[in-house]
Number of protein chains: 2
Amino acid sequence: MHARGSGRQRGREDALSRERIVAAAIELLNRDGEAGLTFPALSRHLATGPGAIYWHVADKGELLTAACEAVVIRTLKAVPAGATPPDTIRALALGMFDAMAASAWIGSALIRAESSLTMVQLIEPLGQQICALGVPKKVRWAALSALLSYILGVGGQNAANQQYTHAHGIGRADYLEKICAAWKQLDAQTHPFARSVAGELRTHDDRADFLAGVNLILQGMSTLRR
Amino acid sequence: MHARGSGRQRGREDALSRERIVAAAIELLNRDGEAGLTFPALSRHLATGPGAIYWHVADKGELLTAACEAVVIRTLKAVPAGATPPDTIRALALGMFDAMAASAWIGSALIRAESSLTMVQLIEPLGQQICALGVPKKVRWAALSALLSYILGVGGQNAANQQYTHAHGIGRADYLEKICAAWKQLDAQTHPFARSVAGELRTHDDRADFLAGVNLILQGMSTLRR
DNA sequence: ACCTGAACACCGTTCAAGT
DNA sequence: ACCTGAACACCGTTCAAGT
């Protein structure tokens with residue numbers, strides 16, 4: 001009863017596959033955040049039942065890990081090679097910053113220990129550039145940890161902020177204004193620092209600040225050159 | 001029908017309160033991780049119904065935020081004051097490292113934008129020490145971001161690893177051995193860095209490496225002194 | 001081999017009813 | 001004011017049955 005001359009037995013444009021499932025998962029995650037990835041929503045999106053998905057994927061955790069890995073690999077591929085080590089590091093960092101802004105869920109997904117093989121995709125190019133910078137072997141791991149944590153930490157924080165303002169339907173300016181006001185209400189005796197930087201919050205550029213931090217770490221590494 | 005001469009109307013040792021609920025939540029989170037905090041489990045632990053908890057707390061998100069804040073405040077209080085700025089920063093960093101090792105869930109909880117008021121508890125003492133170090137005003141925020149991200153990033157990663165080994169009932173040595181083996185199987189052409197550091201993974205001390213990274217960042221900051 | 005979809009266990013949240 | 005606990009909506013996962 002199905003179409004002759006074709007391998008397709010389904011009314012959809014293509015057969016189900018792990019890749020198509022992961023692609024659909026990424027779409028849902030980007031649109032509605034981590035809460036948007038549910039099996040009912042995914043089944044609807046793929047015009048199938050939940051059982052079909054479980055044939056290709058072990059569980060929700062594996063799905064999240066696979067989605068995360070796909071985004072990270074795609075991001076790193078887009079970074080041009082052949083530039084000087086500091087420039088390459090800056091490009092890698094900004095690439096991840098932008099990817100996390102578009103996919104806020106990668107931050108928390110990368111923390112899980114299950115995704116250590118995804119992490120190595122990120123560790124490898126950064127580590128190579130650190131070696132190229134001439135950082136001594138003894139402090140290479142510390143240097144890598146500092147850089148990697150900074151990228152994932154600040155990128156994740158920025159993504160969470162964006163996600164928050166978007167979800168609550170408030171503008172970025174209003175959001176910063178709110179935090180600024182809250183920080184200025186803190187006690188001057190116990191919170192002098194927060195009060196002193198509160199004003200800068202309103203006018204700062206997250207991406208530029210992020211890049212400044214990367215440069216600061218690169219600056220620190222250059223003092224380690226042997 | 002209830003006991004005379006006492007304000008207590010309940011068979012429990014004490015009346016329900018936000019504090020007792022948060023304390024119980026922390027207990028569950030520390031024992032069973034983020035998945036361990038459920039309203040059925042919390043109700044059982046407090047010998048009450050879920051509705052009673054909702055009288056004191058808005059929802060699960062607020063509960064997680066409150067639990068996180070309580071742990072962070074408790075941790076920071078335990079850090080002795082009066083030491084030199086670098087020593088104080090080291091003590092703050094190690095305090096958070098240990099707290100995250102005992103409470104792996106704080107990592108992902110702190111990322112959420114809702115906990116910005118908890119974050120300021122951490123930003124304030126670190127910021128004060130950065131000022132005391134003589135870091136110029138213009139790069140204070142970048143310096144703070146780098147330090148904070150490093151602490152939360154590496155601390156969170158370490159906590160996730162511990163959680164993973166504990167949950168899967170494997171020893172730390174076996175776990176590192178597994179990662180080491182996986183990294184050594186990577187292609188030599190594409191992953192020279194991961195292969196070269198794989199061996200060190202087995203013998204390294206997470207806490208010592210963490211401290212080395214903090215010192216590296218402190219070193220970088222000292223070059224910024226005006 | 002691959003898919004269907006009902007069924008199950010479990011969880012967050014609500015709410016009418018109690019004290 | 002504060003608590004009880006049944007009820008509801010929803011989700012992850014399984015599995016007997018289909019093709």
# chains A, B, ... in the order shown; residues from 1 in each chain; ligands from 1
>>> residues_around(residues="region 5-18 of chain D", least_positions_apart="2", cutoff="12 Å", atoms="only C-alpha atoms (C1' of nucleotides)", output="ChimeraX atom specification")
/A:35-41,50-55,57-61 /B:40,43,48-52 /C:2-18 /D:3
>>> closest_atom_pairs(of="chain A", to="chain B", cutoff="6 Å", atoms="only C-alpha atoms", output="Markdown table")
| residue | atom | partner | partner_atom | distance |
| --- | --- | --- | --- | --- |
| A:Ile111 | CA | B:Gln157 | CA | 6.0 |
| A:Arg112 | CA | B:Ala160 | CA | 5.8 |
| A:Ala113 | CA | B:Asn161 | CA | 5.4 |
| A:Glu124 | CA | B:Phe193 | CA | 5.7 |
| A:Gly127 | CA | B:Phe193 | CA | 5.9 |
| A:Gln128 | CA | B:Phe193 | CA | 5.9 |
| A:Ala142 | CA | B:Gly213 | CA | 4.7 |
| A:Ala146 | CA | B:Tyr150 | CA | 5.6 |
| A:Ser149 | CA | B:Gly153 | CA | 4.8 |
| A:Tyr150 | CA | B:Ser149 | CA | 5.1 |
| A:Gly153 | CA | B:Ser149 | CA | 4.8 |
| A:Gln157 | CA | B:Ile111 | CA | 5.9 |
| A:Ala160 | CA | B:Ala113 | CA | 5.5 |
| A:Asn161 | CA | B:Ala113 | CA | 5.4 |
| A:Phe193 | CA | B:Glu124 | CA | 5.7 |
| A:Ala194 | CA | B:Glu124 | CA | 5.9 |
| A:Gly213 | CA | B:Ala142 | CA | 4.7 |
| A:Gly220 | CA | B:Gly220 | CA | 3.9 |
>>> select_by_dssp(residues="region 79-202 of chain A", states="alpha helix (DSSP H)", output="ChimeraX atom specification")
/A:85-102,106-111,116-132,140-167,172-184,192-202
>>> write_last_selection(atoms="C-alpha atoms", output="PDB file, in the first residue's frame")
ATOM      1  CA  PRO A  85      48.134  31.974  18.613  1.00  0.00           C
ATOM      2  CA  PRO A  86      46.608  34.911  20.530  1.00  0.00           C
ATOM      3  CA  ASP A  87      44.301  35.711  17.604  1.00  0.00           C
ATOM      4  CA  THR A  88      43.238  32.094  17.305  1.00  0.00           C
ATOM      5  CA  ILE A  89      42.511  31.918  21.033  1.00  0.00           C
ATOM      6  CA  ARG A  90      40.465  35.111  20.793  1.00  0.00           C
ATOM      7  CA  ALA A  91      38.523  33.679  17.837  1.00  0.00           C
ATOM      8  CA  LEU A  92      37.866  30.397  19.652  1.00  0.00           C
ATOM      9  CA  ALA A  93      36.711  32.253  22.748  1.00  0.00           C
ATOM     10  CA  LEU A  94      34.398  34.607  20.865  1.00  0.00           C
ATOM     11  CA  GLY A  95      33.034  31.731  18.812  1.00  0.00           C
ATOM     12  CA  MET A  96      32.034  29.884  21.978  1.00  0.00           C
ATOM     13  CA  PHE A  97      30.691  33.092  23.520  1.00  0.00           C
ATOM     14  CA  ASP A  98      28.382  33.611  20.559  1.00  0.00           C
ATOM     15  CA  ALA A  99      27.407  29.955  20.405  1.00  0.00           C
ATOM     16  CA  MET A 100      26.440  30.004  24.067  1.00  0.00           C
ATOM     17  CA  ALA A 101      24.453  33.186  23.543  1.00  0.00           C
ATOM     18  CA  ALA A 102      22.471  31.405  20.827  1.00  0.00           C
ATOM     19  CA  ILE A 106      25.223  24.258  26.427  1.00  0.00           C
ATOM     20  CA  GLY A 107      26.612  25.853  29.564  1.00  0.00           C
ATOM     21  CA  SER A 108      24.918  23.536  32.036  1.00  0.00           C
ATOM     22  CA  ALA A 109      25.178  20.593  29.640  1.00  0.00           C
ATOM     23  CA  LEU A 110      28.957  20.901  29.438  1.00  0.00           C
ATOM     24  CA  ILE A 111      29.378  20.821  33.214  1.00  0.00           C
ATOM     25  CA  SER A 116      34.086  14.811  28.865  1.00  0.00           C
ATOM     26  CA  LEU A 117      34.536  13.717  25.257  1.00  0.00           C
ATOM     27  CA  THR A 118      32.832  16.882  24.103  1.00  0.00           C
ATOM     28  CA  MET A 119      35.058  18.861  26.414  1.00  0.00           C
ATOM     29  CA  VAL A 120      38.145  17.446  24.769  1.00  0.00           C
ATOM     30  CA  GLN A 121      37.016  18.955  21.463  1.00  0.00           C
ATOM     31  CA  LEU A 122      37.381  22.295  23.172  1.00  0.00           C
ATOM     32  CA  ILE A 123      40.490  21.453  25.160  1.00  0.00           C
ATOM     33  CA  GLU A 124      42.466  20.324  22.142  1.00  0.00           C
ATOM     34  CA  PRO A 125      42.577  23.535  20.049  1.00  0.00           C
ATOM     35  CA  LEU A 126      42.991  25.721  23.143  1.00  0.00           C
ATOM     36  CA  GLY A 127      45.775  23.498  24.420  1.00  0.00           C
ATOM     37  CA  GLN A 128      47.586  23.588  21.104  1.00  0.00           C
ATOM     38  CA  GLN A 129      47.559  27.380  21.082  1.00  0.00           C
ATOM     39  CA  ILE A 130      48.783  27.491  24.660  1.00  0.00           C
ATOM     40  CA  CYS A 131      51.698  25.290  23.656  1.00  0.00           C
ATOM     41  CA  ALA A 132      52.345  27.568  20.679  1.00  0.00           C
ATOM     42  CA  ARG A 140      50.072  24.174  30.857  1.00  0.00           C
ATOM     43  CA  TRP A 141      47.208  22.442  32.575  1.00  0.00           C
ATOM     44  CA  ALA A 142      46.632  25.349  34.951  1.00  0.00           C
ATOM     45  CA  ALA A 143      46.723  27.792  32.048  1.00  0.00           C
ATOM     46  CA  LEU A 144      44.278  25.705  30.075  1.00  0.00           C
ATOM     47  CA  SER A 145      41.915  25.369  33.040  1.00  0.00           C
ATOM     48  CA  ALA A 146      41.926  29.109  33.618  1.00  0.00           C
ATOM     49  CA  LEU A 147      41.179  29.902  29.997  1.00  0.00           C
ATOM     50  CA  LEU A 148      38.560  27.183  29.567  1.00  0.00           C
ATOM     51  CA  SER A 149      36.768  28.057  32.798  1.00  0.00           C
ATOM     52  CA  TYR A 150      36.734  31.701  31.892  1.00  0.00           C
ATOM     53  CA  ILE A 151      35.207  31.036  28.479  1.00  0.00           C
ATOM     54  CA  LEU A 152      32.550  28.646  29.759  1.00  0.00           C
ATOM     55  CA  GLY A 153      31.909  30.620  32.941  1.00  0.00           C
ATOM     56  CA  VAL A 154      31.481  34.103  31.529  1.00  0.00           C
ATOM     57  CA  GLY A 155      29.857  32.798  28.349  1.00  0.00           C
ATOM     58  CA  GLY A 156      27.411  30.759  30.392  1.00  0.00           C
ATOM     59  CA  GLN A 157      26.610  33.613  32.715  1.00  0.00           C
ATOM     60  CA  ASN A 158      25.961  35.917  29.778  1.00  0.00           C
ATOM     61  CA  ALA A 159      23.757  33.318  28.123  1.00  0.00           C
ATOM     62  CA  ALA A 160      21.781  32.803  31.340  1.00  0.00           C
ATOM     63  CA  ASN A 161      21.206  36.543  31.610  1.00  0.00           C
ATOM     64  CA  GLN A 162      19.953  36.729  28.031  1.00  0.00           C
ATOM     65  CA  GLN A 163      17.731  33.719  28.549  1.00  0.00           C
ATOM     66  CA  TYR A 164      16.320  35.321  31.685  1.00  0.00           C
ATOM     67  CA  THR A 165      15.453  38.658  30.090  1.00  0.00           C
ATOM     68  CA  HIS A 166      13.969  36.907  27.069  1.00  0.00           C
ATOM     69  CA  ALA A 167      11.878  34.552  29.176  1.00  0.00           C
ATOM     70  CA  ARG A 172      18.297  44.119  28.620  1.00  0.00           C
ATOM     71  CA  ALA A 173      18.432  47.744  29.728  1.00  0.00           C
ATOM     72  CA  ASP A 174      15.600  47.283  32.239  1.00  0.00           C
ATOM     73  CA  TYR A 175      17.238  44.128  33.538  1.00  0.00           C
ATOM     74  CA  LEU A 176      20.595  45.791  34.140  1.00  0.00           C
ATOM     75  CA  GLU A 177      18.805  48.751  35.676  1.00  0.00           C
ATOM     76  CA  LYS A 178      17.103  46.378  38.112  1.00  0.00           C
ATOM     77  CA  ILE A 179      20.337  44.689  39.171  1.00  0.00           C
ATOM     78  CA  CYS A 180      22.071  48.036  39.375  1.00  0.00           C
ATOM     79  CA  ALA A 181      19.334  49.363  41.665  1.00  0.00           C
ATOM     80  CA  ALA A 182      19.473  46.238  43.836  1.00  0.00           C
ATOM     81  CA  TRP A 183      23.237  46.503  44.206  1.00  0.00           C
ATOM     82  CA  LYS A 184      23.040  50.178  45.093  1.00  0.00           C
ATOM     83  CA  PRO A 192      31.436  48.746  48.946  1.00  0.00           C
ATOM     84  CA  PHE A 193      32.669  46.881  45.880  1.00  0.00           C
ATOM     85  CA  ALA A 194      29.273  45.887  44.511  1.00  0.00           C
ATOM     86  CA  ARG A 195      28.060  49.458  44.986  1.00  0.00           C
ATOM     87  CA  SER A 196      31.104  50.886  43.256  1.00  0.00           C
ATOM     88  CA  VAL A 197      30.736  48.725  40.135  1.00  0.00           C
ATOM     89  CA  ALA A 198      26.923  48.919  39.996  1.00  0.00           C
ATOM     90  CA  GLY A 199      27.024  52.049  37.873  1.00  0.00           C
ATOM     91  CA  GLU A 200      29.276  50.480  35.259  1.00  0.00           C
ATOM     92  CA  LEU A 201      26.834  47.612  34.831  1.00  0.00           C
ATOM     93  CA  ARG A 202      24.366  49.789  32.952  1.00  0.00           C
TER      94      ARG A 202
END
>>> atom_distance(atom1="CA of Arg31 (chain A)", atom2="CA of Ala104 (chain A)")
10.0 Å
>>> atom_distance(atom1="CA of Ala188 (chain A)", atom2="CA of Leu76 (chain B)")
18.7 Å
